[in-house]
Each structure stands twice: as structure tokens, then as C-alpha cells.
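*Asks:* Structure incoming, see below.
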Amino acid sequence: MQRVTPHLVAGLVAAVLSLLAEQCWADGGGPSLAERVIWAVNAGGETHVDVHGIHFKKDPLEGKLGKASDYGVRLPILRSSQEDQILYQTERYNEDTFGYDVPIREEGDYILVMKYAEVYFAQSQQKVFDVRLNGHVVVKDLDIFDRVGHSTAHDEIVSFSIRRGKLSVQGEVSTFNGKLTVEFVKGYYDNPKVCALYVMKGTLEDVPKLQPHPGLEKIEEDGEDGEDDEDSEVGEEGGKKKLPAGVKNRVQSGPRTPNPYAADNSSLMFPILVAFGVFIPTLFCLCRL
């Protein structure tokens with residue numbers, strides 16, 4: 001017979017409390033959104049309480065790693081409420097990979113929300129980087145401008161769970177030692193950055209949505225009207241294949257670039273002009289004979 005120890009009792013009590021808490025959330029009598037957030041930071045900025053009551057702390061990396069920038073404060077940020085513009089206007093970047101450590105003491109389902117806005121570059125392929133979670137690549141080749149355009153709020157949302165000392169994220173599992181490390185990985189295009197981020201208990205449905213993006217809405221509506229034409233292309237075997245979702249939802253910026261290989265009728269005039277150039281002097285000489 002197993003001997004009852006204080007550690008065993010403490011474990012049972014913790015398990016019961018966790019089950020009760022999850023049941024309360026399911027019944028709608030659980031904590032508010034702000035109370036579910038266990039860690040939040042306004043990267044490169046000061047403390048801020050958003051419209052949902054989430055308390056973002058001042059950047060703990062200030063004076064330690066990377067550089068803070070408030071270049072974006074001169075710009076209005078689309079898709080963000082007026083009260084929370086500052087969460088997308090300030091940022092921290094670094095010339096190498098950098099990140100934040102988030103202590104997590106309880107098991108359960110969690111959400112990582114990372115806030116971004118491109119306030120400097122005006123075209124894609126200028127800033128591209130990855131995001132890692134305890135070594136797992138959870139966001140690959142993030143190009144903010146390519147996703148939503150310039151001075152526009154964009155949230156990257158990653159769900160993960162912690163159970164029995166294991167971290168599970170996007171189908172991968174690793175040992176968890178009580179610390180979640182969020183890293184922004186240096187790539188080939190400029191420096192990695194983040195504007196704000198927070199970790200909360202819950203599921204994807206619990207995360208507040210950004211305001212609609214007019215450009216994305218129009219593209220999605222056009223796609224629904226002409227789905228057969230716009231969402232597919234002819235494959236090598238003559239059938240149709242689906243285009244990637246990113247192609248459909250990409251926001252166009254600026255006019256289309258002219259096709260450099262388009263037919264140019266001016267090239268057809270060259271032989272005619274040469275013929276006239278030879279014929280006229282010859283005719284002039286014959287007339288003088």
C-alpha cells in the first residue's frame with residue numbers, strides 16, 4: 001500500500017483545483033480575459049493597460065539587450081483601437097537573435113500573442129525573420145509588410161500546452177522546465193523585432209480579434225465571387241490546383257509592375273527606318289548625275 005506523503009497530498013489538491021478552475025471557465029463564471037493573462041510586455045515601451053484590461057509591463061530588456069524604437073508614434077496604426085495604438089508604435093529589435101523568458105508554473109492550455117506593425121519599410125522582403133518557442137519554430141519567414149502592408153496592426157497567435165513536464169506546440173513535444181523562451185530569430189533580411197507580446201491561459205477563441213482589414217476583406221469577397229478563377233490555376237496534368245492561402249489573402253500595395261517581356265511594336269520599325277536611311281541618300285546622288 002502506498003504511503004501518503006505531503007507531496008502526494010499537495011499534488012492531489014493542485015489537480016483538483018485545476019479541474020475546478022477549468023470547469024468554472026467552461027460554465028462562463030471564470031476569470032476575465034485580463035485575469036487569464038499571466039505575462040505581458042510592451043516591447044520598447046512603457047507600461048500600458050489596453051482596452052481589455054491587460055496590463056503590459058515596461059520592457060524588461062531596456063538597457064540590457066537590443067534597441068528600443070518609437071519611430072512608429074508618428075503614424076496612425078490601422079486595425080488597432082485608438083487607445084492601444086502605442087502597443088504597435090513602439091518596438092524592440094536587435095541585430096542578432098533575441099528573446100524573452102516567461103515563467104509558467106501551472107499546467108494547461110496557453111496562448112502566445114505577438115503584436116507587430118511595419119512602420120519603416122514600404123515593401124516586402126525587407127524584414128523577414130522566424131519566431132521560436134523553446135527551440136520550436138512556430139512562425140516561419142514572418143514578413144509583416146507582406147502580410148498586412150504598412151503601418152497596420154498584425155497579431156501572430158500561437159497555441160501550446162504544458163502537461164506532465166512536457167511542452168506541446170504545433171505537433172512537436174519537448175521537456176519543459178518551467179520557463180518559456182520566446183525568440184525572434186535573425187534572418188537574411190534586416191533585424192528581428194516585436195512590438196508587444198503576452199501569454200494567457202485559454203484557447204484561440206479567447207483571443208481578442210483585431211479590427212477588420214479593408215484590403216483583406218475586399219480580396220476575400222472577390223475570392224468568394226470568383227473562386228473557380230482566382231483560387232485555382234492549371235496544373236501540369238491539365239487539372240486545377242489550389243493556390244496557397246497566402247496568395248489569396250495577400251494585400252496588394254502599389255500599382256502592378258509592367259511586364260518587361262510584353263510585345264513592343266517599336267522594334268518592328270527599326271528595319272524600315274534603316275531602309276529609308278539608305279534609300280534617301282542614294283536617290284539624292286542619282287538625281288545629281
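Residues are referred to by chain and number: the chain letter is A, B, ... according to the order shown in the C-alpha cells, the number counts from 1 in that chain, and ligands are numbered separately from 1 in the order shown.
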I need the residues in stretch 139-225 of chain A that are alpha helix (DSSP H) according to DSSP; give them as a compact mmCIF listing (two decimals) with N, CA, C and O atoms, in the first residue's frame.
*Replies:*
```
# COMPACT_ATOMS: atom_id res chain seq x y z
N ILE A 144 6.10 41.09 -42.19
CA ILE A 144 4.93 41.83 -41.73
C ILE A 144 4.29 42.62 -42.86
O ILE A 144 3.07 42.61 -43.02
N PHE A 145 5.10 43.30 -43.65
CA PHE A 145 4.55 44.09 -44.75
C PHE A 145 3.82 43.20 -45.75
O PHE A 145 2.76 43.55 -46.26
N ASP A 146 4.37 42.03 -46.02
CA ASP A 146 3.74 41.12 -46.97
C ASP A 146 2.40 40.62 -46.44
O ASP A 146 1.49 40.34 -47.22
N ARG A 147 2.26 40.53 -45.12
CA ARG A 147 1.02 40.04 -44.53
C ARG A 147 -0.09 41.10 -44.57
O ARG A 147 -1.22 40.79 -44.96
N VAL A 148 0.23 42.32 -44.14
CA VAL A 148 -0.84 43.32 -43.98
C VAL A 148 -0.52 44.70 -44.55
O VAL A 148 -1.38 45.58 -44.54
N PRO A 214 -9.60 46.43 -44.36
CA PRO A 214 -10.36 46.69 -45.59
C PRO A 214 -9.79 45.97 -46.80
O PRO A 214 -10.52 45.41 -47.61
N GLY A 215 -8.47 45.97 -46.93
CA GLY A 215 -7.84 45.32 -48.08
C GLY A 215 -8.07 43.83 -48.09
O GLY A 215 -8.42 43.24 -49.11
N LEU A 216 -7.90 43.19 -46.93
CA LEU A 216 -8.10 41.75 -46.84
C LEU A 216 -9.56 41.39 -47.07
O LEU A 216 -9.86 40.39 -47.71
N GLU A 217 -10.46 42.20 -46.55
CA GLU A 217 -11.89 41.92 -46.73
C GLU A 217 -12.27 41.94 -48.20
O GLU A 217 -13.00 41.09 -48.68
N LYS A 218 -11.75 42.93 -48.95
CA LYS A 218 -12.10 43.04 -50.36
C LYS A 218 -11.57 41.85 -51.15
O LYS A 218 -12.26 41.29 -52.00
N ILE A 219 -10.35 41.44 -50.84
CA ILE A 219 -9.77 40.31 -51.55
C ILE A 219 -10.55 39.04 -51.27
O ILE A 219 -10.81 38.23 -52.15
N GLU A 220 -10.96 38.85 -49.99
CA GLU A 220 -11.72 37.67 -49.65
C GLU A 220 -13.08 37.66 -50.34
O GLU A 220 -13.55 36.62 -50.79
N GLU A 221 -13.73 38.83 -50.45
CA GLU A 221 -15.02 38.90 -51.13
C GLU A 221 -14.87 38.58 -52.61
O GLU A 221 -15.65 37.85 -53.20
N ASP A 222 -13.81 39.12 -53.23
CA ASP A 222 -13.56 38.83 -54.64
C ASP A 222 -13.30 37.35 -54.84
O ASP A 222 -13.72 36.75 -55.83
N GLY A 223 -12.60 36.75 -53.88
CA GLY A 223 -12.30 35.33 -53.98
C GLY A 223 -13.55 34.49 -53.90
O GLY A 223 -13.68 33.47 -54.57
N GLU A 224 -14.53 34.91 -53.09
CA GLU A 224 -15.77 34.16 -52.97
C GLU A 224 -16.60 34.28 -54.24
O GLU A 224 -17.27 33.35 -54.66
N ASP A 225 -16.56 35.47 -54.88
CA ASP A 225 -17.35 35.67 -56.10
C ASP A 225 -16.79 34.87 -57.26
O ASP A 225 -17.53 34.35 -58.08
```
*Asks:* Between A:Val128, A:Cys195, A:Val138, A:Val173, which is the closest to A:Gly44 once you count only C-alpha atoms?
*Replies:*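 Once distances to A:Gly44 are computed over only C-alpha atoms, the minimum belongs to A:Cys195.
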*Asks:* Have a look at A:His52, A:Lys115, A:Arg79, A:Lys140 and name the one nearest to A:Glu156; count only C-alpha atoms.
*Replies:*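 Looking at the shortest contact to A:Glu156, the residue is A:Lys115.
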*Asks:* Counting only C-alpha atoms, which of A:Asp155, A:Leu112, A:Ser168, A:Val194 gets nearest to A:Asp59?
*Replies:*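 Once distances to A:Asp59 are computed over only C-alpha atoms, the minimum belongs to A:Val194.
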*Asks:* Can you measure atom CA of A:Glu83 to atom CA of A:Leu61 for me? One decimal in Å is fine.
*Replies:*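 So the two atoms, atom CA of A:Glu83 and atom CA of A:Leu61, lie 24.1 Å apart.
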*Asks:* So which residues touch stretch 182-193 of chain A within 12 Å, counting only C-alpha atoms, skipping near sequence neighbours fewer than 6 positions away, as a PyMOL selection string?
*Replies:* chain A and resi 43-44+65-69+88+90-103+112-121+124-144+158+199
*Asks:* Do you have the atom CA of A:His213-atom CA of A:Ile86 distance handy?
*Replies:*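 Atom-to-atom, atom CA of A:His213 to atom CA of A:Ile86, that is 18.6 Å.
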*Asks:* Just asking: which residues within stretch 137-201 of chain A are strand (DSSP E or B) according to DSSP, as a ChimeraX atom specification?
*Replies:* /A:137-142,152,154-163,166-169,172-175,179-189,193-194,196-201
*Asks:* Output C-alpha atoms of each residue in that selection to a file, as a compact mmCIF listing (two decimals), in the first residue's frame.
*Replies:*
```
# COMPACT_ATOMS: atom_id res chain seq x y z
CA VAL A 137 10.00 27.23 -34.93
CA VAL A 138 6.37 28.39 -34.57
CA VAL A 139 6.42 31.24 -37.13
CA LYS A 140 8.47 30.82 -40.29
CA ASP A 141 9.61 33.68 -42.55
CA LEU A 142 7.45 36.37 -40.99
CA THR A 152 -1.11 48.13 -39.97
CA HIS A 154 -0.88 42.32 -37.13
CA ASP A 155 -1.08 39.66 -34.40
CA GLU A 156 0.72 36.32 -34.58
CA ILE A 157 -1.09 33.82 -32.33
CA VAL A 158 0.43 30.50 -31.22
CA SER A 159 -1.36 27.94 -29.05
CA PHE A 160 0.57 25.48 -26.87
CA SER A 161 0.01 23.26 -23.85
CA ILE A 162 2.02 22.15 -20.84
CA ARG A 163 1.29 18.81 -19.20
CA LYS A 166 6.13 18.45 -21.48
CA LEU A 167 5.60 21.37 -23.85
CA SER A 168 3.42 20.57 -26.87
CA VAL A 169 3.27 23.05 -29.75
CA GLU A 172 6.09 18.87 -31.53
CA VAL A 173 6.91 17.91 -27.91
CA SER A 174 9.84 18.79 -25.67
CA THR A 175 10.75 18.80 -21.99
CA LYS A 179 10.43 28.64 -18.40
CA LEU A 180 9.00 29.55 -21.81
CA THR A 181 11.61 31.18 -24.07
CA VAL A 182 10.24 33.25 -26.96
CA GLU A 183 12.98 34.02 -29.50
CA PHE A 184 12.96 36.28 -32.54
CA VAL A 185 15.47 34.78 -34.93
CA LYS A 186 17.81 36.81 -37.12
CA GLY A 187 17.32 36.07 -40.82
CA TYR A 188 18.78 37.28 -44.11
CA TYR A 189 16.57 40.38 -44.32
CA LYS A 193 11.64 42.65 -33.83
CA VAL A 194 8.45 42.62 -31.76
CA ALA A 196 4.33 43.72 -27.75
CA LEU A 197 3.51 40.20 -26.57
CA TYR A 198 1.58 38.37 -23.89
CA VAL A 199 0.87 34.83 -22.67
CA MET A 200 -2.56 33.83 -21.43
CA LYS A 201 -4.40 30.72 -20.31
```
*Asks:* Point out the residue among A:Gly178, A:Leu87, A:Ala122, A:Ala40 with the least atom-to-atom distance to A:Val73, counting only C-alpha atoms.
*Replies:*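 Among the listed residues, A:Leu87 lies closest to A:Val73.
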